[in-house]
$ cat model08.csv   # CSV, C-alpha atoms
chain,number,residue,atom,x,y,z
H,1476,MET,CA,37.7,14.1,63.1
H,1477,SER,CA,39.3,10.8,62.3
H,1478,ILE,CA,36.0,9.0,62.8
H,1479,VAL,CA,34.4,11.3,60.2
H,1480,ARG,CA,37.3,10.7,57.8
H,1481,MET,CA,36.9,7.0,58.3
H,1482,LEU,CA,33.2,7.1,57.6
H,1483,LEU,CA,33.8,9.2,54.4
H,1484,ILE,CA,36.4,6.8,53.1
H,1485,SER,CA,34.3,3.8,53.9
H,1486,ALA,CA,31.3,5.4,52.1
H,1487,LEU,CA,33.4,6.1,49.1
H,1488,LEU,CA,34.7,2.6,49.0
H,1489,ALA,CA,31.2,1.1,49.5
H,1490,ALA,CA,29.6,3.3,46.8
H,1491,PRO,CA,30.8,1.3,43.7
H,1492,ALA,CA,29.8,-1.9,45.4
H,1493,ALA,CA,26.3,-0.5,46.1
H,1494,ILE,CA,26.0,0.8,42.5
H,1495,ALA,CA,27.1,-2.6,41.1
H,1496,ALA,CA,24.5,-4.3,43.3
H,1497,ALA,CA,21.8,-1.9,42.1
H,1498,GLN,CA,22.7,-2.6,38.5
H,1499,GLN,CA,22.5,-6.3,38.8
H,1500,PRO,CA,19.4,-7.9,37.4
H,1501,THR,CA,16.8,-8.8,40.0
H,1502,GLN,CA,16.9,-12.3,41.3
H,1503,GLN,CA,14.3,-14.5,39.6
H,1504,ASP,CA,12.0,-16.0,42.2
H,1505,GLU,CA,9.4,-17.4,39.8
H,1506,PHE,CA,9.0,-18.8,36.2
H,1507,VAL,CA,6.4,-17.0,34.1
H,1508,PRO,CA,4.8,-19.0,31.2
H,1509,ILE,CA,5.1,-17.2,27.9
H,1510,SER,CA,1.4,-17.2,27.6
H,1511,GLU,CA,1.2,-14.8,30.5
H,1512,LEU,CA,3.5,-12.2,29.0
H,1513,PRO,CA,2.1,-9.0,27.4
H,1514,PRO,CA,0.9,-9.7,23.8
H,1515,THR,CA,3.8,-7.7,22.3
H,1516,GLU,CA,6.4,-9.9,24.0
H,1517,GLN,CA,4.9,-13.3,23.3
H,1518,LEU,CA,4.1,-13.1,19.6
H,1519,PRO,CA,6.7,-14.5,17.1
H,1520,ALA,CA,7.3,-11.9,14.4
H,1521,ALA,CA,8.2,-14.3,11.5
H,1522,PRO,CA,4.7,-15.5,10.7
H,1523,LEU,CA,3.3,-12.0,10.6
H,1524,LEU,CA,6.2,-10.8,8.4
H,1525,VAL,CA,5.9,-13.7,6.0
H,1526,GLY,CA,2.1,-13.4,6.0
H,1527,ALA,CA,2.4,-9.7,5.0
H,1528,TYR,CA,4.9,-10.4,2.1
H,1529,VAL,CA,2.9,-13.4,0.9
H,1530,PHE,CA,-0.3,-11.5,0.9
H,1531,VAL,CA,1.2,-8.6,-1.1
H,1532,LEU,CA,2.7,-10.9,-3.7
H,1533,VAL,CA,-0.3,-13.1,-4.1
H,1534,ALA,CA,-2.7,-10.1,-4.3
H,1535,LEU,CA,-0.6,-8.5,-7.0
H,1536,PHE,CA,-0.2,-11.7,-8.9
H,1537,LEU,CA,-4.0,-12.3,-8.8
H,1538,TYR,CA,-4.7,-8.7,-10.0
H,1539,VAL,CA,-2.3,-9.0,-12.9
H,1540,VAL,CA,-3.9,-12.3,-13.9
H,1541,SER,CA,-7.3,-10.7,-13.6
H,1542,ILE,CA,-6.4,-7.8,-15.8
H,1543,ALA,CA,-4.7,-10.1,-18.4
H,1544,ARG,CA,-7.9,-12.3,-18.5
H,1545,ARG,CA,-10.1,-9.3,-18.9
H,1546,VAL,CA,-7.9,-7.8,-21.6
H,1547,GLY,CA,-7.9,-11.2,-23.4
H,1548,ALA,CA,-11.7,-11.6,-23.2
H,1549,VAL,CA,-12.4,-8.0,-24.5
H,1550,ARG,CA,-9.8,-8.4,-27.3
H,1551,GLN,CA,-11.4,-11.7,-28.4
H,1552,GLU,CA,-14.9,-10.0,-28.4
H,1553,VAL,CA,-13.5,-7.0,-30.4
H,1554,ASP,CA,-12.0,-9.4,-33.0
H,1555,ARG,CA,-15.3,-11.3,-33.2
H,1556,LEU,CA,-17.4,-8.2,-33.7
H,1557,GLU,CA,-14.9,-6.7,-36.2
H,1558,GLY,CA,-15.1,-9.9,-38.2
H,1559,GLU,CA,-18.9,-9.8,-38.1
H,1560,LEU,CA,-18.9,-6.2,-39.2
H,1561,LYS,CA,-16.6,-7.0,-42.1
H,1562,ALA,CA,-18.7,-9.9,-43.2
H,1563,ARG,CA,-21.8,-7.7,-43.0
H,1564,SER,CA,-20.2,-4.9,-45.1
H,1565,ARG,CA,-19.1,-7.5,-47.7
H,1566,SER,CA,-22.6,-8.9,-48.0
M,1429,MET,CA,0.8,-1.6,-25.7
M,1430,PRO,CA,3.6,1.0,-25.9
M,1431,LYS,CA,7.1,-0.2,-26.8
M,1432,TRP,CA,8.5,0.4,-23.3
M,1433,PHE,CA,5.8,-1.7,-21.7
M,1434,THR,CA,7.4,-5.2,-22.0
M,1435,PRO,CA,10.9,-4.1,-20.8
M,1436,ALA,CA,9.3,-2.1,-17.9
M,1437,ALA,CA,7.2,-5.1,-16.9
M,1438,LEU,CA,10.3,-7.4,-17.0
M,1439,VAL,CA,12.4,-5.0,-15.0
M,1440,CYS,CA,9.6,-4.6,-12.5
M,1441,GLY,CA,9.3,-8.4,-12.1
M,1442,ALA,CA,13.1,-8.7,-11.6
M,1443,MET,CA,13.0,-5.9,-9.0
M,1444,PHE,CA,10.2,-7.7,-7.1
M,1445,ALA,CA,12.2,-11.0,-7.2
M,1446,VAL,CA,15.3,-9.3,-5.8
M,1447,SER,CA,13.6,-7.2,-3.2
M,1448,PRO,CA,13.2,-9.9,-0.5
M,1449,LEU,CA,17.0,-10.4,-0.6
M,1450,ILE,CA,17.7,-6.7,-0.2
M,1451,ILE,CA,15.2,-6.4,2.6
M,1452,ALA,CA,16.7,-9.5,4.3
M,1453,ASN,CA,20.1,-7.7,4.4
M,1454,ALA,CA,18.6,-4.6,5.9
M,1455,PRO,CA,19.4,-4.2,9.6
M,1456,TYR,CA,16.8,-4.9,12.3
M,1457,GLU,CA,15.1,-1.9,13.9
M,1458,SER,CA,16.1,-1.6,17.6
M,1459,THR,CA,12.7,-1.8,19.3
M,1460,MET,CA,10.5,-3.7,16.8
M,1461,GLY,CA,13.1,-6.2,15.5
M,1462,LEU,CA,12.1,-8.5,12.6
M,1463,VAL,CA,8.5,-7.4,12.2
M,1464,GLN,CA,9.6,-3.8,11.3
M,1465,LYS,CA,10.7,-5.3,7.9
M,1466,VAL,CA,7.0,-5.2,6.9
M,1467,PHE,CA,7.7,-1.5,6.4
M,1468,TYR,CA,9.6,-2.1,3.1
M,1469,TYR,CA,6.4,-3.2,1.4
M,1470,HIS,CA,3.8,-1.4,3.6
M,1471,MET,CA,5.1,2.1,3.0
M,1472,PRO,CA,5.5,1.9,-0.8
M,1473,SER,CA,2.0,0.3,-1.0
M,1474,ALA,CA,0.7,3.3,1.1
M,1475,TRP,CA,2.4,5.8,-1.2
M,1476,MET,CA,0.9,4.1,-4.3
M,1477,PHE,CA,-2.5,4.1,-2.6
M,1478,LEU,CA,-2.2,7.9,-2.2
M,1479,LEU,CA,-0.8,8.3,-5.7
M,1480,GLY,CA,-3.8,6.4,-7.1
M,1481,ALA,CA,-6.2,8.6,-5.2
M,1482,LEU,CA,-4.5,11.7,-6.5
M,1483,VAL,CA,-4.4,10.5,-10.2
M,1484,CYS,CA,-8.1,9.5,-9.9
M,1485,GLY,CA,-9.0,12.8,-8.4
M,1486,PHE,CA,-7.1,14.9,-11.0
M,1487,ALA,CA,-8.4,12.9,-13.9
M,1488,SER,CA,-11.9,13.2,-12.6
M,1489,ALA,CA,-11.6,16.9,-12.2
M,1490,ARG,CA,-10.3,17.2,-15.7
M,1491,TYR,CA,-13.2,14.9,-16.9
M,1492,LEU,CA,-15.8,17.2,-15.3
M,1493,ALA,CA,-14.1,20.2,-16.8
M,1494,THR,CA,-13.6,18.9,-20.4
M,1495,ARG,CA,-15.9,15.8,-20.7
M,1496,ASN,CA,-12.9,14.0,-22.2
M,1497,ASP,CA,-13.5,10.2,-22.1
M,1498,ARG,CA,-9.8,9.6,-21.9
M,1499,GLN,CA,-9.7,11.3,-18.5
M,1500,ASP,CA,-12.6,9.2,-17.4
M,1501,ARG,CA,-10.8,6.0,-18.4
M,1502,THR,CA,-7.7,7.2,-16.5
M,1503,ALA,CA,-9.8,7.9,-13.4
M,1504,LEU,CA,-11.4,4.5,-13.5
M,1505,ALA,CA,-8.1,2.7,-13.9
M,1506,ALA,CA,-6.5,4.8,-11.0
M,1507,ALA,CA,-9.5,4.1,-8.7
M,1508,GLU,CA,-9.0,0.3,-9.2
M,1509,LEU,CA,-5.3,0.7,-8.3
M,1510,THR,CA,-6.2,2.8,-5.3
M,1511,VAL,CA,-8.4,0.0,-4.0
M,1512,LEU,CA,-5.7,-2.6,-4.7
M,1513,PHE,CA,-2.8,-0.7,-3.1
M,1514,GLY,CA,-5.1,0.5,-0.3
M,1515,LEU,CA,-6.0,-3.1,0.5
M,1516,LEU,CA,-2.3,-4.0,0.6
M,1517,THR,CA,-1.7,-1.1,3.0
M,1518,LEU,CA,-4.6,-1.9,5.2
M,1519,VAL,CA,-3.7,-5.6,5.5
M,1520,THR,CA,0.1,-5.3,6.0
M,1521,GLY,CA,-0.3,-2.4,8.5
M,1522,PRO,CA,-2.3,-4.5,11.0
M,1523,LEU,CA,0.1,-7.5,10.6
M,1524,TRP,CA,2.9,-5.1,11.6
M,1525,ALA,CA,0.9,-3.5,14.3
M,1526,ARG,CA,-0.1,-6.8,16.0
M,1527,ARG,CA,3.5,-7.3,17.0
M,1528,ALA,CA,4.7,-3.7,17.3
M,1529,TRP,CA,1.6,-2.2,19.1
M,1530,GLY,CA,0.1,-5.4,20.5
M,1531,THR,CA,-3.2,-4.8,18.6
M,1532,TRP,CA,-4.5,-5.4,15.1
M,1533,TRP,CA,-6.2,-2.0,14.8
M,1534,VAL,CA,-6.3,1.4,16.4
M,1535,TRP,CA,-8.7,4.2,15.4
M,1536,ASP,CA,-6.0,6.8,15.2
M,1537,PRO,CA,-6.1,9.6,12.6
M,1538,ARG,CA,-3.7,8.0,10.1
M,1539,VAL,CA,-5.3,4.5,10.1
M,1540,THR,CA,-8.8,5.8,10.2
M,1541,SER,CA,-8.3,8.4,7.4
M,1542,SER,CA,-6.6,5.7,5.3
M,1543,LEU,CA,-9.6,3.4,5.7
M,1544,VAL,CA,-11.9,6.3,4.8
M,1545,GLY,CA,-9.8,6.9,1.6
M,1546,TRP,CA,-10.0,3.3,0.7
M,1547,LEU,CA,-13.8,3.2,1.2
M,1548,ILE,CA,-14.1,6.3,-1.0
M,1549,ALA,CA,-12.3,4.5,-3.8
M,1550,CYS,CA,-14.5,1.4,-3.3
M,1551,ALA,CA,-17.6,3.7,-3.5
M,1552,TYR,CA,-16.2,5.1,-6.7
M,1553,LEU,CA,-15.9,1.6,-8.3
M,1554,ILE,CA,-19.4,0.5,-7.0
M,1555,LEU,CA,-20.9,3.7,-8.5
M,1556,ARG,CA,-19.2,3.1,-11.8
M,1557,LYS,CA,-20.4,-0.5,-11.9
M,1558,TYR,CA,-23.9,-0.2,-10.7
M,1559,GLY,CA,-24.7,3.5,-11.0
M,1560,GLY,CA,-26.1,3.3,-14.5
M,1561,PRO,CA,-25.9,6.0,-17.2
M,1562,GLY,CA,-24.5,9.3,-16.0
M,1563,SER,CA,-22.9,7.8,-12.9
M,1564,GLU,CA,-19.4,8.8,-14.2
M,1565,ARG,CA,-20.1,12.4,-13.2
M,1566,LEU,CA,-21.2,11.5,-9.7
M,1567,ALA,CA,-18.3,9.1,-9.4
M,1568,ALA,CA,-16.0,11.9,-10.5
M,1569,ALA,CA,-17.2,14.1,-7.6
M,1570,VAL,CA,-16.6,11.2,-5.2
M,1571,ALA,CA,-13.0,10.9,-6.6
M,1572,ILE,CA,-12.4,14.6,-6.0
M,1573,PHE,CA,-13.5,14.1,-2.4
M,1574,GLY,CA,-11.1,11.1,-2.2
M,1575,MET,CA,-8.3,13.3,-3.5
M,1576,ALA,CA,-9.0,15.9,-0.9
M,1577,ASN,CA,-8.6,13.3,1.8
M,1578,VAL,CA,-5.0,12.5,0.7
M,1579,PRO,CA,-3.2,15.5,2.4
M,1580,PHE,CA,-5.2,14.7,5.5
M,1581,ILE,CA,-3.9,11.1,5.5
M,1582,TYR,CA,-0.3,12.3,5.0
M,1583,ILE,CA,-0.1,15.0,7.6
M,1584,SER,CA,-2.4,13.4,10.2
M,1585,VAL,CA,0.5,11.8,12.0
M,1586,ASN,CA,2.2,15.1,12.5
M,1587,TYR,CA,-0.7,17.1,13.9
M,1588,TRP,CA,-2.5,14.5,16.1
M,1589,ARG,CA,-1.3,12.4,19.0
M,1590,THR,CA,-1.0,8.9,17.5
M,1591,ILE,CA,1.1,5.8,17.8
M,1592,HIS,CA,1.7,5.6,14.1
M,1593,PRO,CA,5.3,6.6,13.1
M,1594,ALA,CA,5.5,10.2,11.9
M,1595,THR,CA,6.5,11.3,8.4
M,1596,SER,CA,9.9,12.4,9.8
M,1597,VAL,CA,11.0,8.8,10.1
M,1598,VAL,CA,11.8,8.4,6.4
M,1599,PRO,CA,14.2,11.3,5.9
M,1600,THR,CA,16.2,10.3,9.1
M,1601,LEU,CA,16.7,6.6,8.0
M,1602,PRO,CA,20.3,5.4,7.8
M,1603,VAL,CA,21.5,4.4,4.4
M,1604,SER,CA,21.3,0.7,5.3
M,1605,MET,CA,17.6,1.0,5.8
M,1606,GLY,CA,16.9,3.9,3.4
M,1607,ALA,CA,18.4,2.1,0.3
M,1608,PRO,CA,16.1,-1.0,0.6
M,1609,LEU,CA,13.1,1.4,1.2
M,1610,TRP,CA,13.8,3.5,-1.9
M,1611,PHE,CA,14.5,0.4,-4.0
M,1612,CYS,CA,11.0,-0.9,-2.9
M,1613,VAL,CA,9.4,2.5,-3.6
M,1614,MET,CA,10.9,2.5,-7.2
M,1615,THR,CA,9.7,-1.1,-7.6
M,1616,PHE,CA,6.1,-0.3,-6.6
M,1617,LEU,CA,6.1,2.9,-8.6
M,1618,LEU,CA,7.2,1.0,-11.7
M,1619,LEU,CA,4.5,-1.6,-10.9
M,1620,PHE,CA,1.9,1.2,-10.6
M,1621,ILE,CA,2.9,2.6,-14.0
M,1622,VAL,CA,2.7,-0.9,-15.6
M,1623,LEU,CA,-0.6,-1.8,-14.1
M,1624,MET,CA,-2.0,1.7,-14.9
M,1625,THR,CA,-1.0,1.2,-18.5
M,1626,MET,CA,-2.6,-2.2,-18.7
M,1627,ARG,CA,-5.8,-1.0,-17.0
M,1628,VAL,CA,-6.2,2.1,-19.2
M,1629,ARG,CA,-5.6,-0.2,-22.2
M,1630,LEU,CA,-8.4,-2.4,-21.0
M,1631,GLU,CA,-10.8,0.6,-20.7
M,1632,GLU,CA,-9.8,1.6,-24.3
M,1633,SER,CA,-10.6,-1.8,-25.6
M,1634,LYS,CA,-14.0,-1.7,-23.8
M,1635,SER,CA,-14.9,1.6,-25.4
M,1636,ARG,CA,-13.8,0.1,-28.8
M,1637,LEU,CA,-16.1,-2.8,-28.0
M,1638,ASP,CA,-19.0,-0.4,-27.2
M,1639,ALA,CA,-18.4,1.4,-30.5
M,1640,LEU,CA,-18.5,-1.9,-32.4
M,1641,HIS,CA,-21.7,-2.9,-30.7
M,1642,LEU,CA,-23.3,0.4,-31.8
M,1643,ALA,CA,-22.0,0.0,-35.3
M,1644,LEU,CA,-23.5,-3.5,-35.5
M,1645,ASP,CA,-26.9,-2.3,-34.2
M,1646,GLU,CA,-27.1,0.4,-36.8

$ encode --input "model08.csv" --output "structure tokens"
Amino acid sequence: MSIVRMLLISALLAAPAAIAAAQQPTQQDEFVPISELPPTEQLPAAPLLVGAYVFVLVALFLYVVSIARRVGAVRQEVDRLEGELKARSRS
Amino acid sequence: MPKWFTPAALVCGAMFAVSPLIIANAPYESTMGLVQKVFYYHMPSAWMFLLGALVCGFASARYLATRNDRQDRTALAAAELTVLFGLLTLVTGPLWARRAWGTWWVWDPRVTSSLVGWLIACAYLILRKYGGPGSERLAAAVAIFGMANVPFIYISVNYWRTIHPATSVVPTLPVSMGAPLWFCVMTFLLLFIVLMTMRVRLEESKSRLDALHLALDE
């Protein structure tokens, strides 16, 4: 009986140590170059993030410039034709 | 241009200038980290892309029903904005996916249907440019087809197995991430309204130009 009790006590005492050992990170026995990691773990995020924001802002800016140029060109043509029409009606 | 246009454009520009600061202060997402911040421009772009397709489709349907040229001009302007915002969505999405999913592109329902929607808008513009006389009616039918694709794009993530985040993500965002998102949504919505106004104005000027050409030919 006392042997069983001793075994139970020692098992209870050893359990936390065994759990702690299991939770410890595994010992590193090799160095893995970053190029051998999966793609999701080796890519830096900053260039992709900056690239996305720069692309959005540049595309929007170019579109606004494009509309402004088109509006300007059409308005100029309208003014020219209106002037021509007025001159023709006068003559 | 209407009286509200210049103040709206200035406010929109200021909101765009401030948005990177607000996004920078938003917390990092636990699994994706820094790259998740693409979300704050990607999702508003995607919503404006869908809004553009809806406006284009509704205006085209009204044009087919009434033959009102004003509706046709609205549809054409909205189609161009659909292509613009669709491009922003389809470029920022892969930049995010490359880091988050480990690949630039996946043929999942959300991504594929978005590409289809964008191609439909491109087809509309190509038809309008090179289709010749009468192409506006054919293009209007294409736009209605594009509008029908919008609900499919939106709900696809909820009904099919996909790695794209579901629509349930947005309502569950904490305030620290939701506030920058809604700020960016309002910024993009204001931009959409400003660009739409400019673009419709351009079409009106073009129709005035056509009328002047006709008057001079007579």

$ closest_atom_pairs --input "model08.csv" --of "chain M" --to "chain H" --cutoff "8 Å" --atoms "only C-alpha atoms" --output "CSV"
residue,atom,partner,partner_atom,distance
M:Leu1462,CA,H:Ala1520,CA,6.2
M:Val1463,CA,H:Ala1520,CA,5.2
M:Lys1465,CA,H:Leu1524,CA,7.1
M:Val1466,CA,H:Leu1524,CA,5.9
M:Tyr1469,CA,H:Tyr1528,CA,7.4
M:Leu1516,CA,H:Val1531,CA,6.0
M:Val1519,CA,H:Ala1527,CA,7.4
M:Thr1520,CA,H:Ala1527,CA,5.1
M:Leu1523,CA,H:Leu1523,CA,5.5
M:Trp1524,CA,H:Leu1523,CA,7.0
M:Arg1526,CA,H:Thr1515,CA,7.5
M:Arg1527,CA,H:Thr1515,CA,5.3
M:Ala1528,CA,H:Thr1515,CA,6.5
M:Trp1529,CA,H:Thr1515,CA,6.7
M:Gly1530,CA,H:Thr1515,CA,4.7
M:Leu1623,CA,H:Val1539,CA,7.5
M:Met1626,CA,H:Ile1542,CA,7.4
M:Arg1627,CA,H:Ile1542,CA,6.9
M:Arg1629,CA,H:Val1546,CA,8.0
M:Leu1630,CA,H:Val1546,CA,5.5
M:Ser1633,CA,H:Val1549,CA,6.5
M:Lys1634,CA,H:Val1549,CA,6.5
M:Arg1636,CA,H:Val1553,CA,7.3
M:Leu1637,CA,H:Val1553,CA,5.5
M:Leu1640,CA,H:Leu1556,CA,6.5
M:His1641,CA,H:Leu1556,CA,7.5
M:Ala1643,CA,H:Leu1560,CA,8.0
M:Leu1644,CA,H:Leu1560,CA,6.5

$ atom_distance --input "model08.csv" --atom1 "atom CA of M:Phe1573" --atom2 "atom CA of M:Tyr1468"
28.7 Å

$ atom_distance --input "model08.csv" --atom1 "atom CA of M:Pro1608" --atom2 "atom CA of M:Ile1451"
5.8 Å

$ residues_around --input "model08.csv" --residues "stretch 1536-1549 of chain M" --least-positions-apart "4" --cutoff "9 Å" --atoms "all atoms listed in the file" --output "PyMOL selection string"
chain M and resi 1474+1477-1478+1481+1484+1507-1508+1510-1511+1514-1515+1517-1518+1521+1553-1554+1570-1571+1573-1575+1577-1578+1580-1585+1588-1592
